[in-house]
>>> print(open('target_34.cif').read())   # mmCIF, C-alpha atoms
data_start
#
loop_
_atom_site.label_atom_id
_atom_site.label_comp_id
_atom_site.auth_asym_id
_atom_site.auth_seq_id
_atom_site.Cartn_x
_atom_site.Cartn_y
_atom_site.Cartn_z
CA MET P 1 127.69 163.39 171.59
CA SER P 2 127.63 159.90 173.08
CA ILE P 3 128.86 157.91 176.04
CA ASP P 4 131.34 155.12 175.50
CA PHE P 5 129.64 152.63 177.78
CA GLY P 6 132.62 150.30 177.67
CA TYR P 7 134.73 153.16 179.02
CA LEU P 8 132.07 153.99 181.61
CA GLU P 9 132.04 150.45 182.93
CA SER P 10 135.85 150.51 183.18
CA VAL P 11 136.02 153.75 185.18
CA LEU P 12 132.85 153.46 187.28
CA PRO P 13 134.03 152.83 190.86
CA GLU P 14 132.71 149.61 192.35
CA ASP P 15 131.41 151.39 195.44
CA VAL P 16 129.34 153.76 193.23
CA ALA P 17 127.85 150.80 191.35
CA GLY P 18 127.27 149.17 194.74
CA ILE P 19 125.25 152.15 195.98
CA GLY P 20 123.03 151.78 192.92
CA ARG P 21 122.50 148.07 193.63
CA VAL P 22 121.65 148.66 197.30
CA LEU P 23 119.09 151.31 196.39
CA GLN P 24 117.58 149.15 193.66
CA ALA P 25 117.32 146.18 196.04
CA GLY P 26 115.12 148.28 198.31
CA GLY P 27 112.80 149.19 195.46
CA HIS P 28 114.30 152.64 194.97
CA ALA P 29 115.73 154.29 191.87
CA ALA P 30 119.15 155.87 191.56
CA TRP P 31 120.83 157.91 188.85
CA LEU P 32 124.22 159.30 188.06
CA VAL P 33 123.58 163.02 187.67
CA GLY P 34 125.15 166.34 186.82
CA GLY P 35 128.86 166.70 186.28
CA SER P 36 129.61 162.98 186.25
CA VAL P 37 127.36 162.38 183.23
CA ARG P 38 128.59 165.57 181.57
CA ASP P 39 132.22 164.60 181.97
CA LEU P 40 131.61 161.08 180.65
CA LEU P 41 130.02 162.55 177.55
CA LEU P 42 133.06 164.81 177.12
CA GLY P 43 135.44 161.87 177.49
CA ARG P 44 136.75 163.13 180.82
CA GLU P 45 137.05 161.01 183.93
CA PRO P 46 134.56 162.51 186.38
CA ARG P 47 135.97 164.50 189.27
CA ASP P 48 132.97 163.47 191.39
CA TRP P 49 130.41 160.70 191.09
CA ASP P 50 127.16 162.33 192.19
CA ILE P 51 124.05 160.24 192.68
CA ALA P 52 120.37 161.18 193.00
CA THR P 53 117.78 158.85 194.47
CA ASP P 54 114.10 158.69 195.36
CA ALA P 55 114.94 156.77 198.55
CA PRO P 56 114.23 158.48 201.87
CA ALA P 57 117.05 159.52 204.16
CA GLU P 58 116.07 156.81 206.64
CA TYR P 59 116.79 154.12 204.05
CA LEU P 60 120.28 155.52 203.39
CA GLU P 61 121.03 155.64 207.10
CA ALA P 62 119.82 152.07 207.59
CA LYS P 63 121.66 150.52 204.65
CA PHE P 64 125.08 152.15 204.73
CA PRO P 65 127.63 152.07 207.55
CA ARG P 66 128.06 155.84 207.68
CA VAL P 67 125.93 158.67 206.32
CA GLU P 68 126.49 162.40 206.94
CA ARG P 69 124.13 165.25 206.03
CA VAL P 70 125.65 168.01 203.87
CA GLY P 71 124.39 170.95 201.86
CA ALA P 72 122.07 173.74 202.85
CA HIS P 73 120.32 174.06 199.48
CA THR P 74 119.50 170.41 198.79
CA PRO P 75 118.90 167.34 200.97
CA ALA P 76 122.25 165.72 200.25
CA PHE P 77 124.32 163.16 202.11
CA LEU P 78 127.85 161.84 202.09
CA VAL P 79 127.55 158.07 201.93
CA PHE P 80 130.48 155.91 202.99
CA ALA P 81 129.57 152.75 201.13
CA ALA P 82 132.67 150.57 201.37
CA PRO P 83 135.84 150.38 203.49
CA GLY P 84 138.60 152.49 201.94
CA ALA P 85 136.28 154.10 199.39
CA PRO P 86 135.83 157.88 199.43
CA PRO P 87 132.45 159.26 200.47
CA ARG P 88 129.97 159.74 197.62
CA GLU P 89 127.40 162.51 197.50
CA VAL P 90 123.87 161.15 197.30
CA SER P 91 121.10 163.73 197.00
CA LEU P 92 117.40 163.15 197.47
CA LEU P 93 115.26 164.17 194.52
CA ARG P 94 114.25 167.80 194.39
CA GLY P 95 110.66 167.04 193.44
CA GLU P 96 108.62 163.91 192.95
CA THR P 97 110.54 162.55 189.96
CA ILE P 98 113.96 162.66 188.35
CA GLU P 99 112.41 164.88 185.67
CA ALA P 100 111.33 167.38 188.32
CA ASP P 101 114.77 167.19 189.89
CA LEU P 102 116.55 167.96 186.62
CA ALA P 103 114.28 170.97 186.09
CA ARG P 104 115.83 172.56 189.20
CA ARG P 105 119.45 172.06 188.17
CA ASP P 106 121.65 174.96 187.11
CA PHE P 107 122.82 174.41 183.51
CA THR P 108 121.57 172.12 180.78
CA ILE P 109 124.90 170.31 180.56
CA ASN P 110 124.43 169.39 184.24
CA ALA P 111 120.74 168.47 183.86
CA LEU P 112 121.56 164.99 182.62
CA ALA P 113 120.95 161.66 184.32
CA LEU P 114 121.82 158.01 183.78
CA ALA P 115 120.14 155.19 185.69
CA LEU P 116 122.12 153.08 188.16
CA PRO P 117 123.01 150.27 188.20
CA LEU P 118 123.98 150.30 184.53
CA GLU P 119 121.83 148.05 182.40
CA ALA P 120 123.37 145.58 179.98
CA GLY P 121 123.21 146.98 176.47
CA ALA P 122 122.69 150.58 177.61
CA THR P 123 122.80 153.14 174.81
CA ASP P 124 122.85 156.92 174.45
CA ALA P 125 119.07 156.79 174.66
CA SER P 126 119.54 155.78 178.31
CA VAL P 127 120.68 159.33 179.12
CA ILE P 128 117.81 161.43 180.41
CA ASP P 129 118.05 164.79 178.68
CA LEU P 130 115.00 167.04 178.92
CA TYR P 131 116.60 170.43 178.30
CA GLY P 132 118.94 170.02 175.37
CA GLY P 133 122.06 169.35 177.40
CA LEU P 134 123.44 166.92 174.83
CA ALA P 135 123.06 169.48 172.05
CA ASP P 136 124.67 172.18 174.22
CA LEU P 137 127.59 169.86 174.96
CA GLU P 138 128.00 169.33 171.24
CA ALA P 139 127.83 173.08 170.58
CA ARG P 140 130.01 173.88 173.63
CA VAL P 141 127.39 176.26 174.99
CA LEU P 142 126.60 177.09 178.61
CA ARG P 143 122.85 177.58 179.04
CA ALA P 144 120.74 177.83 182.20
CA VAL P 145 117.93 175.35 182.62
CA GLY P 146 114.65 177.08 181.79
CA ASP P 147 114.42 180.59 183.25
CA ALA P 148 117.97 181.69 184.07
CA ASP P 149 116.79 184.27 186.63
CA ALA P 150 114.78 181.62 188.45
CA ARG P 151 117.74 179.23 188.50
CA PHE P 152 120.13 181.86 189.84
CA ASP P 153 117.56 183.01 192.43
CA GLU P 154 117.61 179.46 193.84
CA ASP P 155 121.32 179.58 194.65
CA PRO P 156 123.54 182.71 194.59
CA LEU P 157 126.61 180.58 193.85
CA ARG P 158 125.36 179.54 190.42
CA PRO P 159 126.65 182.55 188.44
CA LEU P 160 130.15 181.89 189.81
CA ARG P 161 129.77 178.21 188.96
CA GLY P 162 128.96 179.35 185.43
CA VAL P 163 132.23 181.30 185.32
CA ARG P 164 134.10 178.22 186.52
CA LEU P 165 132.44 175.88 184.00
CA GLU P 166 133.18 178.31 181.20
CA ALA P 167 136.85 178.43 182.22
CA GLU P 168 137.19 174.70 182.86
CA LEU P 169 135.42 173.46 179.75
CA GLY P 170 135.99 176.31 177.33
CA PHE P 171 132.23 176.71 176.78
CA ALA P 172 130.63 180.06 175.95
CA PRO P 173 127.55 181.23 177.87
CA GLU P 174 124.65 181.97 175.56
CA SER P 175 123.33 185.53 175.67
CA ALA P 176 120.33 185.11 177.99
CA THR P 177 122.41 183.14 180.49
CA LEU P 178 125.22 185.70 180.38
CA ARG P 179 122.81 188.59 180.97
CA ALA P 180 121.37 186.73 183.96
CA MET P 181 124.88 186.13 185.28
CA GLU P 182 125.46 189.88 185.09
CA ARG P 183 122.21 190.60 186.94
CA HIS P 184 122.80 188.03 189.67
CA GLY P 185 126.60 188.08 189.87
CA PRO P 186 126.85 190.68 192.65
CA ARG P 187 124.72 188.41 194.87
CA ALA P 188 127.36 185.67 194.77
CA GLY P 189 128.93 187.08 197.91
CA SER P 190 125.97 185.87 199.96
CA ALA P 191 126.94 182.22 199.36
CA ALA P 192 128.78 180.35 202.10
CA PRO P 193 132.51 181.25 202.20
CA GLU P 194 133.54 177.61 201.89
CA ARG P 195 131.54 177.19 198.69
CA LEU P 196 132.95 180.41 197.26
CA ARG P 197 136.46 179.27 198.12
CA GLU P 198 136.10 176.01 196.22
CA GLU P 199 134.72 177.68 193.10
CA ILE P 200 137.39 180.40 193.12
CA LEU P 201 140.18 177.86 193.56
CA ARG P 202 138.79 175.77 190.71
CA CYS P 203 138.69 178.89 188.53
CA LEU P 204 142.35 179.50 189.32
CA ALA P 205 143.21 175.87 188.58
CA CYS P 206 142.03 176.23 184.98
CA GLU P 207 144.39 176.29 182.02
CA LYS P 208 143.86 180.04 181.50
CA PRO P 209 142.70 181.48 184.84
CA SER P 210 142.77 185.06 183.56
CA HIS P 211 139.64 184.26 181.54
CA ALA P 212 137.74 183.38 184.70
CA ILE P 213 138.93 186.53 186.51
CA GLY P 214 137.94 188.64 183.50
CA ARG P 215 134.47 187.11 183.39
CA MET P 216 134.07 187.66 187.13
CA ARG P 217 134.87 191.32 186.54
CA GLU P 218 132.39 191.63 183.64
CA THR P 219 129.58 190.09 185.68
CA GLY P 220 130.14 192.20 188.81
CA MET P 221 131.44 189.31 190.91
CA LEU P 222 135.07 190.40 191.19
CA ALA P 223 134.31 193.59 193.11
CA VAL P 224 132.24 191.58 195.59
CA LEU P 225 134.32 188.42 195.98
CA LEU P 226 137.88 189.67 195.41
CA PRO P 227 137.67 193.47 195.81
CA GLU P 228 141.44 193.79 196.22
CA VAL P 229 141.87 192.45 192.68
CA ALA P 230 139.11 194.69 191.30
CA ALA P 231 140.93 197.68 192.84
CA MET P 232 143.93 196.99 190.57
CA VAL P 233 142.03 197.99 187.42
CA ARG P 234 143.56 201.03 185.69
CA VAL P 235 146.29 201.46 188.32
CA ALA P 236 149.25 202.57 186.20
CA GLN P 237 152.84 201.38 186.73
CA PRO P 238 156.20 202.93 185.85
CA ALA P 239 156.62 202.55 182.08
CA ARG P 240 160.36 201.93 182.56
CA TYR P 241 159.63 198.58 184.19
CA HIS P 242 156.12 197.57 183.15
CA LYS P 243 154.18 197.34 179.90
CA LEU P 244 150.82 196.86 181.65
CA ASP P 245 148.78 198.33 184.47
CA VAL P 246 148.59 196.42 187.77
CA TYR P 247 145.44 194.46 186.86
CA HIS P 248 146.58 193.25 183.45
CA HIS P 249 150.10 192.59 184.75
CA THR P 250 148.56 190.38 187.44
CA LEU P 251 146.48 188.43 184.93
CA ALA P 252 149.51 187.94 182.71
CA ALA P 253 151.53 186.64 185.67
CA LEU P 254 148.68 184.30 186.58
CA ASP P 255 148.56 182.81 183.09
CA PHE P 256 152.34 182.46 182.95
CA LEU P 257 152.28 180.55 186.25
CA ALA P 258 149.44 178.36 184.95
CA GLU P 259 151.79 177.02 182.27
CA ASP P 260 153.20 174.90 185.10
CA PRO P 261 150.61 172.20 185.89
CA ALA P 262 152.34 171.60 189.23
CA ALA P 263 151.47 175.14 190.37
CA ASP P 264 148.55 174.48 192.71
CA ALA P 265 145.54 176.75 193.13
CA TYR P 266 146.84 178.25 196.40
CA LEU P 267 150.10 179.31 194.73
CA ARG P 268 148.02 180.81 191.92
CA PHE P 269 146.03 182.73 194.52
CA ALA P 270 149.31 184.14 195.84
CA VAL P 271 150.19 185.33 192.33
CA LEU P 272 146.72 186.84 191.98
CA TYR P 273 147.36 188.84 195.17
CA HIS P 274 151.09 189.53 194.83
CA ASP P 275 150.45 193.18 193.89
CA ALA P 276 147.23 193.63 195.85
CA GLY P 277 148.93 196.26 197.99
CA LYS P 278 149.72 198.58 195.09
CA PRO P 279 146.42 200.49 194.89
CA ALA P 280 146.60 201.42 198.58
CA THR P 281 150.27 202.44 198.48
CA LEU P 282 150.21 204.39 195.20
CA THR P 283 152.07 207.68 195.29
CA LEU P 284 153.83 209.77 192.64
CA ARG P 285 157.61 210.22 192.75
CA ASP P 286 159.10 212.46 190.08
CA GLY P 287 155.88 212.05 188.11
CA GLU P 288 155.98 208.21 188.16
CA PRO P 289 153.80 205.79 190.13
CA SER P 290 155.52 204.39 193.21
CA PHE P 291 154.35 201.65 195.57
CA ILE P 292 156.64 201.69 198.59
CA GLY P 293 155.68 198.99 201.07
CA HIS P 294 153.16 197.36 198.77
CA GLU P 295 154.48 193.90 199.59
CA LYS P 296 153.64 194.33 203.29
CA GLU P 297 150.25 195.85 202.56
CA GLY P 298 149.55 193.10 200.02
CA ALA P 299 150.44 190.33 202.46
CA GLN P 300 147.94 191.71 204.97
CA LEU P 301 145.21 192.02 202.33
CA ALA P 302 145.89 188.53 200.99
CA GLU P 303 145.75 186.94 204.42
CA ALA P 304 142.54 188.79 205.29
CA ARG P 305 140.89 187.58 202.06
CA CYS P 306 142.08 184.02 202.70
CA GLU P 307 140.59 184.12 206.18
CA ALA P 308 137.30 185.49 204.84
CA LEU P 309 137.15 182.58 202.38
CA ARG P 310 138.00 180.07 205.13
CA PHE P 311 141.30 178.95 203.62
CA PRO P 312 143.23 176.43 205.72
CA ALA P 313 145.48 178.27 208.16
CA ARG P 314 148.60 176.71 206.65
CA GLU P 315 147.72 177.93 203.16
CA THR P 316 146.82 181.38 204.45
CA ALA P 317 150.27 181.67 206.04
CA ARG P 318 151.95 180.36 202.88
CA ILE P 319 150.13 182.85 200.65
CA GLY P 320 150.86 185.75 202.98
CA ALA P 321 154.56 184.87 203.11
CA LEU P 322 154.80 184.56 199.32
CA VAL P 323 153.22 187.98 198.82
CA LEU P 324 155.44 189.50 201.51
CA HIS P 325 158.64 188.16 199.93
CA HIS P 326 157.73 188.41 196.23
CA LEU P 327 159.78 191.59 195.67
CA VAL P 328 163.12 189.85 195.03
CA ARG P 329 165.06 192.48 193.01
CA TYR P 330 167.93 190.13 192.30
CA THR P 331 170.98 191.39 190.39
CA LEU P 332 174.23 189.70 189.46
CA ARG P 333 175.92 192.00 192.00
CA TRP P 334 174.42 190.02 194.90
CA SER P 335 177.20 188.48 196.99
CA ASP P 336 176.97 184.90 198.24
CA ARG P 337 176.29 186.34 201.67
CA THR P 338 173.31 188.28 200.28
CA VAL P 339 171.95 185.15 198.60
CA ARG P 340 172.24 183.19 201.85
CA ARG P 341 170.49 185.98 203.78
CA PHE P 342 167.72 185.98 201.19
CA MET P 343 167.33 182.21 201.55
CA ARG P 344 167.26 182.51 205.32
CA ARG P 345 164.68 185.29 205.29
CA VAL P 346 162.37 183.45 202.91
CA THR P 347 162.98 180.01 204.51
CA PRO P 348 163.99 177.00 202.38
CA ALA P 349 160.47 175.54 202.40
CA LEU P 350 159.06 178.59 200.61
CA LEU P 351 161.81 178.96 198.01
CA PRO P 352 160.44 176.67 195.25
CA ASP P 353 157.07 178.45 195.21
CA LEU P 354 158.65 181.88 195.51
CA MET P 355 160.91 181.25 192.54
CA LYS P 356 157.87 180.27 190.45
CA LEU P 357 156.11 183.48 191.52
CA TYR P 358 159.27 185.48 190.79
CA ALA P 359 159.49 184.05 187.26
CA ALA P 360 155.82 184.74 186.52
CA ASP P 361 156.10 188.28 187.89
CA MET P 362 159.21 189.04 185.82
CA ARG P 363 157.66 187.66 182.63
CA ALA P 364 154.49 189.68 183.14
CA LYS P 365 156.45 192.94 183.12
CA ASP P 366 156.82 192.46 179.35
CA PRO P 367 154.46 189.63 178.29
CA GLU P 368 155.19 189.81 174.58
CA ARG P 369 158.92 189.44 175.11
CA TYR P 370 158.54 186.56 177.55
CA LYS P 371 156.01 184.49 175.61
CA VAL P 372 158.87 182.28 174.46
CA ILE P 373 161.25 182.87 177.38
CA SER P 374 159.83 180.94 180.29
CA VAL P 375 162.71 181.64 182.70
CA PRO P 376 164.11 185.19 182.76
CA VAL P 377 167.87 185.55 183.13
CA GLU P 378 167.65 186.93 186.67
CA VAL P 379 165.49 184.03 187.83
CA ALA P 380 167.74 181.43 186.20
CA ALA P 381 170.86 182.94 187.73
CA LEU P 382 169.42 183.12 191.23
CA SER P 383 168.08 179.55 190.92
CA VAL P 384 171.56 178.27 190.07
CA ARG P 385 173.11 180.01 193.06
CA ILE P 386 170.41 178.70 195.40
CA ARG P 387 170.98 175.14 194.19
CA GLU P 388 174.74 175.49 194.70
CA MET P 389 174.24 176.63 198.29
CA GLU P 390 171.72 173.89 198.98
CA ARG P 391 174.20 171.30 197.70
CA ALA P 392 176.94 172.83 199.85
CA GLY P 393 174.69 172.52 202.91
CA ASP P 394 175.19 176.15 203.93
CA ALA P 395 173.64 177.01 207.29
CA LEU P 396 170.42 179.01 206.93
CA SER P 397 168.91 178.63 210.41
CA ILE P 398 170.19 178.09 213.94
CA HIS P 399 169.25 174.42 213.56
CA ASP P 400 171.92 174.13 210.85
CA LEU P 401 174.68 175.16 213.27
CA VAL P 402 176.92 172.37 214.51
CA ILE P 403 176.39 173.44 218.12
CA ALA P 404 173.13 173.70 220.06
CA GLY P 405 171.63 175.65 222.93
CA GLU P 406 173.27 173.42 225.57
CA ASP P 407 176.68 174.34 224.19
CA VAL P 408 175.84 178.03 224.41
CA MET P 409 174.65 177.72 228.01
CA ARG P 410 177.89 176.00 229.05
CA ALA P 411 180.14 178.37 227.11
CA LEU P 412 178.44 181.57 228.32
CA ASP P 413 177.40 180.21 231.72
CA VAL P 414 173.79 181.32 231.21
CA PRO P 415 170.49 179.53 231.84
CA ALA P 416 168.01 178.58 229.15
CA GLY P 417 166.20 181.65 227.87
CA PRO P 418 166.29 184.51 225.35
CA ALA P 419 170.04 185.02 225.78
CA VAL P 420 170.70 181.57 224.31
CA GLY P 421 168.60 182.27 221.23
CA ALA P 422 170.25 185.66 220.76
CA ALA P 423 173.71 184.08 220.91
CA LEU P 424 172.77 181.42 218.35
CA GLU P 425 171.39 184.10 216.04
CA ALA P 426 174.61 186.10 216.36
CA LEU P 427 176.62 182.99 215.47
CA LEU P 428 174.37 182.29 212.50
CA GLU P 429 174.96 185.81 211.16
CA GLN P 430 178.69 185.16 211.16
CA VAL P 431 178.27 181.73 209.57
CA ILE P 432 176.08 183.19 206.82
CA ALA P 433 178.89 185.64 206.08
CA ASP P 434 181.50 182.85 206.18
CA PRO P 435 180.19 179.25 206.02
CA ALA P 436 183.65 177.93 206.94
CA LEU P 437 182.97 179.09 210.52
CA ASN P 438 180.35 176.38 211.01
CA GLU P 439 182.72 174.07 212.84
CA ARG P 440 182.44 173.22 216.52
CA ASP P 441 185.82 174.57 217.63
CA LYS P 442 185.39 177.80 215.68
CA LEU P 443 181.90 178.45 217.03
CA LEU P 444 183.01 177.75 220.62
CA ALA P 445 185.87 180.19 220.09
CA LEU P 446 183.38 182.82 218.93
CA LEU P 447 181.28 182.16 222.04
CA ALA P 448 184.38 182.61 224.22
CA ARG P 449 184.94 186.01 222.65
CA MET P 450 181.29 186.92 223.28
CA LYS P 451 181.72 186.02 226.95
CA THR P 452 184.89 188.08 227.24
CA ALA P 453 183.31 191.05 225.45
CA GLY P 454 180.09 190.74 227.40
#
>>> encode(input="target_34.cif", output="structure tokens")
Amino acid sequence: MSIDFGYLESVLPEDVAGIGRVLQAGGHAAWLVGGSVRDLLLGREPRDWDIATDAPAEYLEAKFPRVERVGAHTPAFLVFAAPGAPPREVSLLRGETIEADLARRDFTINALALALPLEAGATDASVIDLYGGLADLEARVLRAVGDADARFDEDPLRPLRGVRLEAELGFAPESATLRAMERHGPRAGSAAPERLREEILRCLACEKPSHAIGRMRETGMLAVLLPEVAAMVRVAQPARYHKLDVYHHTLAALDFLAEDPAADAYLRFAVLYHDAGKPATLTLRDGEPSFIGHEKEGAQLAEARCEALRFPARETARIGALVLHHLVRYTLRWSDRTVRRFMRRVTPALLPDLMKLYAADMRAKDPERYKVISVPVEVAALSVRIREMERAGDALSIHDLVIAGEDVMRALDVPAGPAVGAALEALLEQVIADPALNERDKLLALLARMKTAG
């Protein structure tokens, strides 16, 4: 396991190198640490460029144009080093030396450091590795630094970070580390919601997110962090429609969605929660499980969990709407009017994501059959009809009508208010049934009839 220093020099951002030079000029040391060194060794471009230094906070604040304190567990700062450059996290050493700092890090593959600025002729020997991180990278093993219980006691988020690293990198936790994750996993819920959110979303963004959810379950984290998902375990479904119980169906849908790299982590969260309402709505009808209203219950549960994890309000609303509308039940018997009403109800902005969820949900009903069929017939057929209506420019909201509120007020002789909106909605219903009515003269004629009838 070695660093390609030519590659490192080509990808190292100038502002990161500049931070190292500024610190060195003041007689202080700086190191690239943690994930950035790990990713370089794995041949991956680092997601973050984290820096550790023995400089005091006052020096950072004096030498850089903007410095913001972050992190409750370590003295860390966001340093804005150059105009247009993103902020870089610079942490003060946890201990007197870099060696003492590395001893407090979570996993051996993150307990690696490389001095900044880079020296000419640097070699693999330049990497500070006190705990066998290079060997564990080579062996693809996830191992806590020193005493795993002590490391996880220092930060309750670390077991969840272990789940995420396992899923992201494909590494296997060694036995002592895994046992410690099981002992400390239930404490993960005491970490800050924002930190939990980021780790959970990164777990979902992995190539096979079901592995992360499964490991969370095994280590006791799922019941604490995502109890609505844990409640799905062993909830049976009608055998006529489903090959799997709710939990395994959900994981299958999640992995099917993950085949699309454009499916972001928030959409994946919606798939994870699309059947969250089933455990609470389970009843038996003619001896079979039934889940009437589970989409409404699931939307409420999903939104509540998003709020607890401090999701952005826009994403919370998006996830809730996707769960609410996920039960499509399309058949070839749908009329064009029904398709347009479906599009109106869902809203055009949500349709692309909903169709991806719909496809994943349908495939997960029979995962073996749909391993090689990425788009079920029902999904393909509905997608074609939606595209045809989008190309035709069919009206789906009152804003698509060729007349506006002012026209309604003049035609009905009413002031601005609820009556205007109600009239526009009534016109839209007729236009959805017959798009040819969306012409000015025809709509004004319909308004004249409303006035006469009213």
>>> resolve_selection(input="target_34.cif", expression="the PyMOL selection byres ((chain P and resi 35-50) around 8)", output="VMD selection string")
chain P and resid 1 to 4 8 11 16 32 to 34 51 to 52 88 to 91 109 to 110 112 to 114 137
>>> residues_around(input="target_34.cif", residues="range 384-390 of chain P", least_positions_apart="5", cutoff="10 Å", atoms="only C-alpha atoms", output="ChimeraX atom specification")
/P:336,339-340,342-343,348,351,379,395-396
>>> residues_near_point(input="target_34.cif", point="(109.3, 152.7, 192.3)", cutoff="12 Å", atoms="only C-alpha atoms", output="PyMOL selection string")
chain P and resi 23-30+53-55+96-98
>>> resolve_selection(input="target_34.cif", expression="the PyMOL selection byres ((chain P and resi 246-258) around 6)", output="ChimeraX atom specification")
/P:208,210,232-233,235,244-245,259-260,360-361,364
>>> residues_around(input="target_34.cif", residues="Asp407 in chain P", least_positions_apart="6", cutoff="10 Å", atoms="all atoms listed in the file", output="mmCIF file with C-alpha atoms, in the coordinates of the input")
data_model
loop_
_atom_site.group_PDB
_atom_site.id
_atom_site.type_symbol
_atom_site.label_atom_id
_atom_site.label_comp_id
_atom_site.auth_asym_id
_atom_site.auth_seq_id
_atom_site.Cartn_x
_atom_site.Cartn_y
_atom_site.Cartn_z
ATOM 1 C CA ASP P 413 177.400 180.210 231.720
ATOM 2 C CA VAL P 420 170.700 181.570 224.310
ATOM 3 C CA LEU P 424 172.770 181.420 218.350
ATOM 4 C CA ARG P 440 182.440 173.220 216.520
ATOM 5 C CA LEU P 443 181.900 178.450 217.030
ATOM 6 C CA LEU P 444 183.010 177.750 220.620
ATOM 7 C CA LEU P 447 181.280 182.160 222.040
#
>>> resolve_selection(input="target_34.cif", expression="the PyMOL selection byres ((chain P and resi 211-216) around 9)", output="list in words")
Leu160, Val163, Arg164, Glu166, Ala167, Glu168, Gly185, Ile200, Cys203, Leu204, Cys206, Lys208, Pro209, Ser210, Arg217, Glu218, Thr219, Gly220, Met221, Leu222, Ala223, Leu225 and Leu251 of chain P
>>> residues_near_point(input="target_34.cif", point="(159.7, 191.8, 194.4)", cutoff="10 Å", atoms="all atoms listed in the file", output="PyMOL selection string")
chain P and resi 274-275+294-295+323-330+357-358+361-362
>>> write_last_selection(input="target_34.cif", atoms="C-alpha atoms", output="CSV table (one decimal), in the coordinates of the input")
chain,number,residue,atom,x,y,z
P,274,HIS,CA,151.1,189.5,194.8
P,275,ASP,CA,150.4,193.2,193.9
P,294,HIS,CA,153.2,197.4,198.8
P,295,GLU,CA,154.5,193.9,199.6
P,323,VAL,CA,153.2,188.0,198.8
P,324,LEU,CA,155.4,189.5,201.5
P,325,HIS,CA,158.6,188.2,199.9
P,326,HIS,CA,157.7,188.4,196.2
P,327,LEU,CA,159.8,191.6,195.7
P,328,VAL,CA,163.1,189.8,195.0
P,329,ARG,CA,165.1,192.5,193.0
P,330,TYR,CA,167.9,190.1,192.3
P,357,LEU,CA,156.1,183.5,191.5
P,358,TYR,CA,159.3,185.5,190.8
P,361,ASP,CA,156.1,188.3,187.9
P,362,MET,CA,159.2,189.0,185.8
>>> closest_residue(input="target_34.cif", among="P:Ala299, P:Ala433, P:Leu130, P:Ala416", to="Ala404 in chain P", atoms="only C-alpha atoms")
P:Ala416
>>> atom_distance(input="target_34.cif", atom1="CA of Ala176 in chain P", atom2="CA of Leu102 in chain P")
19.6 Å
>>> residues_around(input="target_34.cif", residues="Gly132 in chain P", least_positions_apart="3", cutoff="9 Å", atoms="only C-alpha atoms", output="VMD selection string")
chain P and resid 108 to 109 111 129 135 to 137
>>> atom_distance(input="target_34.cif", atom1="CA of Arg158 in chain P", atom2="CA of Met181 in chain P")
8.4 Å
>>> closest_residue(input="target_34.cif", among="P:Ile292, P:Ala191, P:Ala103, P:Ala276", to="Ala150 in chain P", atoms="only C-alpha atoms")
P:Ala103
>>> atom_distance(input="target_34.cif", atom1="CA of Val408 in chain P", atom2="CA of Ala392 in chain P")
25.1 Å
>>> residues_around(input="target_34.cif", residues="Gly18 in chain P", least_positions_apart="6", cutoff="10 Å", atoms="only C-alpha atoms", output="number ranges by chain")
P: 24, 81-82, 116-117
>>> write_last_selection(input="target_34.cif", atoms="C-alpha atoms", output="compact mmCIF listing (two decimals), in the coordinates of the input")
# COMPACT_ATOMS: atom_id res chain seq x y z
CA GLN P 24 117.58 149.15 193.66
CA ALA P 81 129.57 152.75 201.13
CA ALA P 82 132.67 150.57 201.37
CA LEU P 116 122.12 153.08 188.16
CA PRO P 117 123.01 150.27 188.20
>>> residues_around(input="target_34.cif", residues="His242 in chain P", least_positions_apart="5", cutoff="8 Å", atoms="only C-alpha atoms", output="number ranges by chain")
P: 237, 249, 365-366
>>> closest_residue(input="target_34.cif", among="P:Tyr370, P:Leu226, P:Phe80, P:Thr283", to="Ala302 in chain P", atoms="all atoms listed in the file")
P:Leu226
